[in-house]
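Asker: Before we start, here is the structure in question, set down as C-alpha cells.
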Amino acid sequence: MTHDWREWHEAYDHRGSPLARRLAVVQQCIAALLDAAPPGPIRVASMCAGEGRDLLGVLENHPRRADVEGLLVELDPELAATARTRAPATVEVLCADAGMAASYSGAVPADLVLVCGVFGNITGADMMRTIDLLPTLCAPQAAVIWTRHRRPPDVTPGVRRRLAENGFEEVAFHAPEGTMFGVGVHRLTGPPRPFRDDVRLFDFVGFRALDDTCSQCGFTYAIGRAEITPWLRSDADAFAEKFRKLDDASIRIRTEPDVWSPLEYACHVRDVLRVQTERILLAQDEVEPVFVPMRRDERVVEDRYNEQDPAQVVAEFLTLADALASMLDGLDDAGWERTGVYNYPEPALRTVEWIAIHTVHELLHHRGDLT
Ligand SMILES: C[S@@+](CC[C@H](N)C(=O)[O-])C[C@H]1O[C@@H](n2cnc3c(N)ncnc32)[C@H](O)[C@@H]1O
C-alpha cells in the first residue's frame with residue numbers, strides 16, 4: 001500500500017497512456033464545472049485523492065482558483081505530501097482513510113465530490129453503498145465526478161442507474177473510443193441527506209485483490225483490447241526513459257550472481273518484443289502453431305547481452321515496440337482471436353490478445369528490475 005500507488009501515478013507522465021487520457025477528461029470536467037459555478041466559495045471533497053493531479057492540475061491556472069476550498073483525503077503519506085506541495089492554502093490534504101465518513105467532517109456538504117480511481121478498487125457491494133451515501137456528502141445541486149474502467153463485465157451502467165436512484169441526474173458520461181475507462185459527471189437534483197460521521201463508505205481493497213494480477217509488479221491481465229497498444233507504447237517509452245537514466249557504471253553490473261544487469265534486462269525485453277511479434281505473425285498464418293521457447297537464459301550468454309551497446313539496444317527496443325503496436329492496431333477481431341500453443345506459465349492454447357497483454361506485462365514487470 002505504499003510504493004505501488006506511487007508507481008501507479010507515474011503512468012500519468014507517460015504521454016498517451018490510458019491514465020493520462022483519463023486525467024485529461026477528468027480535468028476537462030472539473031474545469032467545466034468551475035467555469036459554470038455561481039459566484040462565491042466552491043467546496044470540493046476528493047476521495048482517495050492520490051497526488052490530487054485532477055483538481056490541483058486544474059487549479060494551477062483556473063480563474064476560480066481563489067474560490068475553491070476543499071479537502072483531499074489520501075492514505076499514503078508520501079502521495080499526500082506531494083499533493084500538499086501543489087495545493088493552494090484553501091485546500092487541505094488529509095492523510096486518512098477515505099472509506100470512513102468521519103474523514104470528511106468539516107469539509108462537507110461539498111459542491112463537488114471527486115470519486116476518481118476508487119470504484120475499481122472496492123467491491124461491487126461497497127461501490128453501491130458509497131453511491132447510496134453520496135447524498136450525505138453533497139450540498140444541494142452538488143456535482144460528483146467519478147471514474148470506473150469498463151472492462152468486461154462493464155459495471156458502469158449499474159453505477160449510473162444507482163446514481164439515478166439516489167437523486168443524481170447525469171450531466172455527462174465519457175467513454176472515449178479506444179479507451180476502457182468511463183468518466184461520469186452527475187448532479188444531485190434530489191434532496192441532500194444529513195451527514196453521518198459514524199458510517200463506513202467502503203474498504204479499499206485495491207484492484208489486485210479484485211483482478212487477475214501479478215503478485216510482484218501488480219500488472220493486471222484484465223485489461224481490455226482497446227487498452228493494449230496504448231499501454232504497450234507508453235510502457236515501452238517508460239522503460240526506455242528509466243533505462244536511459246541509469247548511470248553507465250551500473251548498467252552492466254549484476255547485484256547478485258543470478259540477477260541480470262539492467263543492460264541484460266533491456267536486451268531481454270527487446271528480444272521478447274521481437275519473439276512475440278514473430279509468434280503473433282505465425283499465429284496469423286498457421287492453425288494453432290506451437291511456439292518455440294525463446295531460451296531466455298541461454299540468449300544472455302550466447303548473444304553476450306552484457307557487452308551490447310546500450311544506446312543501440314534502446315533504439316532497437318523502441319522500434320520493435322512501435323512495430324508490434326502498429327501490427328496489433330491493424331488486426332481485425334479474427335486476428336486478435338487466433339491462437340497458438342504458448343509454454344508459459346504452463347503449456348496452453350493462448351489467443352493473440354493474451355500474448356499481447358502478456359507482452360505489456362513483460363514491459364512493466366522488467367521496468368521494476370531496472371535498479
Ligand atoms: C487509483 S489511485 C487514485 C488516485 C487519484 N484519485 C487519481 O485518480 O489520480 C487510488 C489512491 O487511493 C489511495 N488509497 C488507498 N486506500 C485508501 C484509503 N483507505 N483511504 C484513502 N486513500 C486510499 C492510494 O494510495 C491511491 O493514491
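We name chains A, B, ... following the order of the C-alpha cells; residues begin at 1 in each chain, and ligands are numbered from 1 as shown.
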Determine, using only C-alpha atoms and all ligand atoms, which residues of chain A have any atom at most 10 Å from an atom of ligand 1, and tabulate each with its shortest atom pair and distance in Å to one decimal place, rows ordered by chain and then rising number, as a Markdown table.

Answerer:
```
| residue | atom | partner | partner_atom_place_in_ligand_line | distance |
| --- | --- | --- | --- | --- |
| A:Met1 | CA | ligand 1 | 25 (O) | 6.5 |
| A:Thr2 | CA | ligand 1 | 25 (O) | 6.8 |
| A:His3 | CA | ligand 1 | 25 (O) | 8.8 |
| A:Asp4 | CA | ligand 1 | 25 (O) | 8.2 |
| A:Trp5 | CA | ligand 1 | 26 (C) | 5.2 |
| A:Arg6 | CA | ligand 1 | 27 (O) | 7.1 |
| A:Glu7 | CA | ligand 1 | 27 (O) | 9.8 |
| A:Trp8 | CA | ligand 1 | 2 (S) | 7.4 |
| A:His9 | CA | ligand 1 | 9 (O) | 6.9 |
| A:Tyr12 | CA | ligand 1 | 9 (O) | 8.2 |
| A:Leu19 | CA | ligand 1 | 9 (O) | 8.4 |
| A:Ala20 | CA | ligand 1 | 9 (O) | 9.5 |
| A:Arg22 | CA | ligand 1 | 8 (O) | 8.6 |
| A:Leu23 | CA | ligand 1 | 9 (O) | 7.3 |
| A:Val26 | CA | ligand 1 | 8 (O) | 8.7 |
| A:Ser46 | CA | ligand 1 | 6 (N) | 7.3 |
| A:Met47 | CA | ligand 1 | 21 (C) | 6.5 |
| A:Cys48 | CA | ligand 1 | 22 (N) | 3.6 |
| A:Ala49 | CA | ligand 1 | 6 (N) | 3.9 |
| A:Gly50 | CA | ligand 1 | 27 (O) | 3.4 |
| A:Glu51 | CA | ligand 1 | 9 (O) | 6.5 |
| A:Gly52 | CA | ligand 1 | 5 (C) | 6.0 |
| A:Arg53 | CA | ligand 1 | 9 (O) | 6.0 |
| A:Asp54 | CA | ligand 1 | 9 (O) | 6.4 |
| A:Leu55 | CA | ligand 1 | 9 (O) | 9.4 |
| A:Leu72 | CA | ligand 1 | 21 (C) | 9.1 |
| A:Val73 | CA | ligand 1 | 21 (C) | 5.6 |
| A:Glu74 | CA | ligand 1 | 22 (N) | 3.9 |
| A:Leu75 | CA | ligand 1 | 22 (N) | 4.1 |
| A:Asp76 | CA | ligand 1 | 25 (O) | 4.7 |
| A:Pro77 | CA | ligand 1 | 25 (O) | 8.4 |
| A:Glu78 | CA | ligand 1 | 25 (O) | 9.0 |
| A:Leu79 | CA | ligand 1 | 27 (O) | 6.5 |
| A:Ala80 | CA | ligand 1 | 27 (O) | 8.2 |
| A:Leu94 | CA | ligand 1 | 21 (C) | 9.0 |
| A:Cys95 | CA | ligand 1 | 21 (C) | 7.4 |
| A:Ala96 | CA | ligand 1 | 20 (N) | 5.8 |
| A:Asp97 | CA | ligand 1 | 20 (N) | 3.5 |
| A:Ala98 | CA | ligand 1 | 20 (N) | 3.8 |
| A:Gly99 | CA | ligand 1 | 19 (N) | 5.4 |
| A:Met100 | CA | ligand 1 | 19 (N) | 8.0 |
| A:Ser103 | CA | ligand 1 | 20 (N) | 9.1 |
| A:Leu114 | CA | ligand 1 | 6 (N) | 7.6 |
| A:Val115 | CA | ligand 1 | 6 (N) | 6.8 |
| A:Cys116 | CA | ligand 1 | 8 (O) | 4.4 |
| A:Gly117 | CA | ligand 1 | 1 (C) | 3.8 |
| A:Val118 | CA | ligand 1 | 1 (C) | 6.0 |
| A:Phe119 | CA | ligand 1 | 1 (C) | 8.7 |
| A:Gly120 | CA | ligand 1 | 1 (C) | 7.7 |
| A:Asn121 | CA | ligand 1 | 1 (C) | 7.1 |
| A:Ile122 | CA | ligand 1 | 16 (N) | 9.5 |
| A:Trp146 | CA | ligand 1 | 8 (O) | 9.1 |
| A:Thr147 | CA | ligand 1 | 8 (O) | 8.0 |
| A:Arg148 | CA | ligand 1 | 1 (C) | 9.9 |
| A:Phe202 | CA | ligand 1 | 19 (N) | 8.1 |
| A:Asp203 | CA | ligand 1 | 19 (N) | 6.4 |
| A:Phe204 | CA | ligand 1 | 16 (N) | 5.0 |
| A:Val205 | CA | ligand 1 | 16 (N) | 7.2 |
| A:Gly206 | CA | ligand 1 | 15 (C) | 7.1 |
| A:Phe207 | CA | ligand 1 | 1 (C) | 8.5 |
```

Asker: Now that the selection is made, can you save its residues with C-alpha atoms as a short mmCIF file (atom, residue, chain, number, x, y, z; two decimals), in the first residue's frame?

Answerer:
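The new file again_24.cif reads:
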```
data_model
loop_
_atom_site.label_atom_id
_atom_site.label_comp_id
_atom_site.auth_asym_id
_atom_site.auth_seq_id
_atom_site.Cartn_x
_atom_site.Cartn_y
_atom_site.Cartn_z
CA MET A 1 0.00 0.00 0.00
CA THR A 2 2.95 2.35 -0.12
CA HIS A 3 5.20 2.03 -3.07
CA ASP A 4 2.74 0.64 -5.60
CA TRP A 5 0.42 3.63 -5.71
CA ARG A 6 3.39 5.92 -6.13
CA GLU A 7 4.49 3.92 -9.16
CA TRP A 8 0.92 3.84 -10.40
CA HIS A 9 0.97 7.64 -10.54
CA TYR A 12 0.26 9.91 -15.69
CA LEU A 19 -4.27 7.00 -17.38
CA ALA A 20 -3.02 10.26 -18.90
CA ARG A 22 -8.39 9.68 -18.32
CA LEU A 23 -6.81 12.53 -16.38
CA VAL A 26 -11.48 14.39 -15.64
CA SER A 46 -11.86 14.26 -3.08
CA MET A 47 -11.80 10.59 -2.03
CA CYS A 48 -8.54 8.63 -2.34
CA ALA A 49 -7.03 11.72 -3.93
CA GLY A 50 -3.53 10.40 -4.59
CA GLU A 51 -1.38 13.34 -5.67
CA GLY A 52 -4.56 15.26 -6.45
CA ARG A 53 -3.48 15.76 -10.04
CA ASP A 54 -7.06 16.12 -11.25
CA LEU A 55 -8.22 19.03 -9.11
CA LEU A 72 -8.33 15.81 -0.37
CA VAL A 73 -8.30 12.53 1.57
CA GLU A 74 -5.37 10.21 0.82
CA LEU A 75 -3.93 7.41 2.94
CA ASP A 76 -0.38 7.29 1.57
CA PRO A 77 1.71 9.90 3.41
CA GLU A 78 4.13 10.49 0.54
CA LEU A 79 1.39 11.00 -2.03
CA ALA A 80 -0.45 13.25 0.41
CA LEU A 94 -5.69 14.94 4.95
CA CYS A 95 -3.75 11.72 5.34
CA ALA A 96 -6.60 9.44 6.44
CA ASP A 97 -8.87 6.57 5.45
CA ALA A 98 -11.24 7.89 2.78
CA GLY A 99 -13.54 4.93 3.44
CA MET A 100 -14.60 6.44 6.78
CA SER A 103 -12.66 11.78 7.41
CA LEU A 114 -14.42 13.60 -6.71
CA VAL A 115 -14.57 9.81 -6.70
CA CYS A 116 -11.77 9.04 -9.15
CA GLY A 117 -9.79 5.82 -9.09
CA VAL A 118 -11.98 4.43 -6.32
CA PHE A 119 -14.71 2.22 -7.80
CA GLY A 120 -12.23 -0.14 -9.48
CA ASN A 121 -10.56 -0.75 -6.13
CA ILE A 122 -13.52 -1.64 -3.95
CA TRP A 146 -16.47 9.52 -10.80
CA THR A 147 -14.42 7.06 -12.82
CA ARG A 148 -14.62 3.33 -13.41
CA PHE A 202 -16.03 1.35 1.69
CA ASP A 203 -12.98 -0.75 2.40
CA PHE A 204 -10.29 -0.01 -0.15
CA VAL A 205 -9.04 -3.43 -1.20
CA GLY A 206 -7.11 -2.45 -4.38
CA PHE A 207 -7.55 -3.83 -7.88
#
```

Asker: Fewer than 3 positions away in the same chain doesn't count, so skip those; otherwise give me all residues within 10 Å of A:Pro88, counting only C-alpha atoms, as JSON, numbers by chain.

Answerer: {"A": [56, 59, 60, 65, 66, 68, 69, 70, 83, 84, 85, 91, 92]}

Asker: So how many Å separate atom CA of A:Val159 and atom CA of A:Asp198, to one decimal?

Answerer: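 Separating atom CA of A:Val159 from atom CA of A:Asp198 is a distance of 24.1 Å.
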
Asker: With DSSP run on the backbone, what are the helix (DSSP H, G or I) residues within stretch 58-296 of chain A? I'd like them as a ChimeraX atom specification.

Answerer: /A:58-59,65-67,77-86,101-104,119-121,124-136,156-165,207-210,225-245,262-285,296

Asker: Just to be explicit: take each residue in the selection above, keep C-alpha atoms, and write the result as a short mmCIF file (atom, residue, chain, number, x, y, z; two decimals), in the first residue's frame.

Answerer:
```
data_model
loop_
_atom_site.label_atom_id
_atom_site.label_comp_id
_atom_site.auth_asym_id
_atom_site.auth_seq_id
_atom_site.Cartn_x
_atom_site.Cartn_y
_atom_site.Cartn_z
CA VAL A 58 -6.93 22.44 -12.99
CA LEU A 59 -6.46 24.91 -10.16
CA ARG A 65 -8.81 29.09 -8.02
CA ALA A 66 -9.21 31.52 -5.13
CA ASP A 67 -12.84 30.44 -4.59
CA PRO A 77 1.71 9.90 3.41
CA GLU A 78 4.13 10.49 0.54
CA LEU A 79 1.39 11.00 -2.03
CA ALA A 80 -0.45 13.25 0.41
CA ALA A 81 2.75 15.26 0.92
CA THR A 82 3.15 15.70 -2.84
CA ALA A 83 -0.44 16.88 -3.10
CA ARG A 84 0.16 19.32 -0.24
CA THR A 85 3.04 20.97 -2.08
CA ARG A 86 0.73 21.67 -5.04
CA ALA A 101 -17.23 9.17 6.50
CA ALA A 102 -15.66 10.82 9.55
CA SER A 103 -12.66 11.78 7.41
CA TYR A 104 -14.85 14.34 5.62
CA PHE A 119 -14.71 2.22 -7.80
CA GLY A 120 -12.23 -0.14 -9.48
CA ASN A 121 -10.56 -0.75 -6.13
CA GLY A 124 -19.27 -4.09 -6.02
CA ALA A 125 -21.25 -4.04 -2.78
CA ASP A 126 -19.09 -1.22 -1.38
CA MET A 127 -19.41 0.69 -4.63
CA MET A 128 -23.21 0.65 -4.32
CA ARG A 129 -23.01 1.53 -0.63
CA THR A 130 -20.78 4.50 -1.42
CA ILE A 131 -23.21 5.72 -4.08
CA ASP A 132 -26.10 5.37 -1.61
CA LEU A 133 -24.18 7.52 0.88
CA LEU A 134 -23.02 10.18 -1.62
CA PRO A 135 -26.06 12.45 -0.95
CA THR A 136 -24.82 12.71 2.67
CA THR A 156 -20.75 1.46 -15.37
CA PRO A 157 -24.41 1.05 -16.47
CA GLY A 158 -25.18 -0.20 -12.93
CA VAL A 159 -23.30 2.75 -11.40
CA ARG A 160 -25.33 5.19 -13.50
CA ARG A 161 -28.61 3.50 -12.56
CA ARG A 162 -27.75 3.55 -8.85
CA LEU A 163 -26.81 7.25 -9.02
CA ALA A 164 -30.19 7.99 -10.63
CA GLU A 165 -31.94 6.05 -7.85
CA PHE A 207 -7.55 -3.83 -7.88
CA ARG A 208 -5.02 -6.58 -7.16
CA ALA A 209 -7.45 -8.22 -4.81
CA LEU A 210 -10.19 -7.94 -7.43
CA ARG A 225 -8.34 -4.95 -26.06
CA ALA A 226 -8.58 -1.21 -26.67
CA GLU A 227 -6.05 -0.55 -23.90
CA ILE A 228 -3.37 -2.95 -25.09
CA THR A 229 -1.48 -0.86 -27.65
CA PRO A 230 -1.70 2.45 -25.70
CA TRP A 231 -0.15 0.62 -22.73
CA LEU A 232 2.38 -1.13 -24.96
CA ARG A 233 3.58 2.20 -26.38
CA SER A 234 3.57 4.13 -23.10
CA ASP A 235 5.21 1.30 -21.11
CA ALA A 236 7.90 0.96 -23.80
CA ASP A 237 8.60 4.72 -23.52
CA ALA A 238 8.69 4.47 -19.74
CA PHE A 239 11.09 1.52 -19.84
CA ALA A 240 13.43 3.36 -22.23
CA GLU A 241 13.27 6.54 -20.13
CA LYS A 242 14.12 4.69 -16.92
CA PHE A 243 16.93 2.73 -18.59
CA ARG A 244 18.48 5.87 -20.07
CA LYS A 245 18.58 7.50 -16.63
CA PRO A 262 20.00 -3.58 -16.30
CA LEU A 263 21.54 -3.98 -19.76
CA GLU A 264 20.74 -7.68 -19.73
CA TYR A 265 17.14 -6.92 -18.79
CA ALA A 266 16.92 -4.36 -21.60
CA CYS A 267 18.28 -6.89 -24.12
CA HIS A 268 15.84 -9.47 -22.80
CA VAL A 269 12.84 -7.19 -23.19
CA ARG A 270 13.98 -6.17 -26.68
CA ASP A 271 14.17 -9.83 -27.65
CA VAL A 272 10.80 -10.53 -26.05
CA LEU A 273 9.30 -7.90 -28.35
CA ARG A 274 10.98 -9.49 -31.37
CA VAL A 275 9.89 -13.04 -30.44
CA GLN A 276 6.32 -12.05 -29.56
CA THR A 277 5.98 -10.25 -32.88
CA GLU A 278 7.13 -13.37 -34.72
CA ARG A 279 4.74 -15.55 -32.72
CA ILE A 280 1.77 -13.32 -33.42
CA LEU A 281 2.59 -13.26 -37.13
CA LEU A 282 2.93 -17.04 -37.11
CA ALA A 283 -0.45 -17.40 -35.43
CA GLN A 284 -1.96 -15.31 -38.24
CA ASP A 285 -0.64 -17.73 -40.86
CA ARG A 296 15.82 -16.58 -22.34
#
```

Asker: Taking only C-alpha atoms into account, which of A:Asp13, A:Glu337, A:Asp154, A:Glu177 comes nearest A:Ile223?

Answerer: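 The answer is A:Asp154, which sits nearest to A:Ile223.
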
Asker: Near A:Pro293, within 9 Å and counting only C-alpha atoms, which residues show up once chain neighbours fewer than 6 positions away are dropped, as a tab-separated table (two decimals) with N, CA and C atoms, in the first residue's frame?

Answerer:
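Output file part24.tsv is given in full below:
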```tsv
chain	number	residue	atom	x	y	z
A	342	TYR	N	1.31	-21.79	-26.24
A	342	TYR	CA	2.30	-20.96	-25.56
A	342	TYR	C	2.78	-21.73	-24.33
A	343	ASN	N	4.06	-21.67	-24.05
A	343	ASN	CA	4.61	-22.51	-22.98
A	343	ASN	C	4.47	-21.98	-21.57
A	344	TYR	N	4.26	-20.65	-21.44
A	344	TYR	CA	4.35	-20.04	-20.12
A	344	TYR	C	2.97	-19.61	-19.62
```

Asker: Once DSSP has gone over the backbone, tell me which residues of stretch 93-281 of chain A are in strand (DSSP E), as a ChimeraX atom specification.

Answerer: /A:93-95,110-115,138-149,168-174,181-188

Asker: Between A:Ala323, A:Ala32, A:Val300, A:Ala222, which is the closest to A:Glu353 once you count only C-alpha atoms?

Answerer: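 Distance minimum relative to A:Glu353 lands on A:Ala222.
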
Asker: So, with only C-alpha atoms as the atoms that count, which of A:Pro152, A:Ala110, A:Val314, A:Asp247 lies closest to A:Pro192?

Answerer: A:Ala110

Asker: Quote the spacing between atom CA of A:Glu288 and atom CA of A:Leu363 in Å to one decimal place.

Answerer: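 We find that atom CA of A:Glu288 and atom CA of A:Leu363 lie 25.3 Å from each other.
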
Asker: From the options A:Val290, A:Ile42, A:Ala172, A:Ile30, which residue's atoms come nearest to A:Val341, counting only C-alpha atoms?

Answerer: A:Val290

Asker: Between A:Phe219, A:Asn306, A:Leu33, A:Trp260, which is the closest to A:Thr359 once you count only C-alpha atoms?

Answerer: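 Nearest to A:Thr359: A:Phe219.
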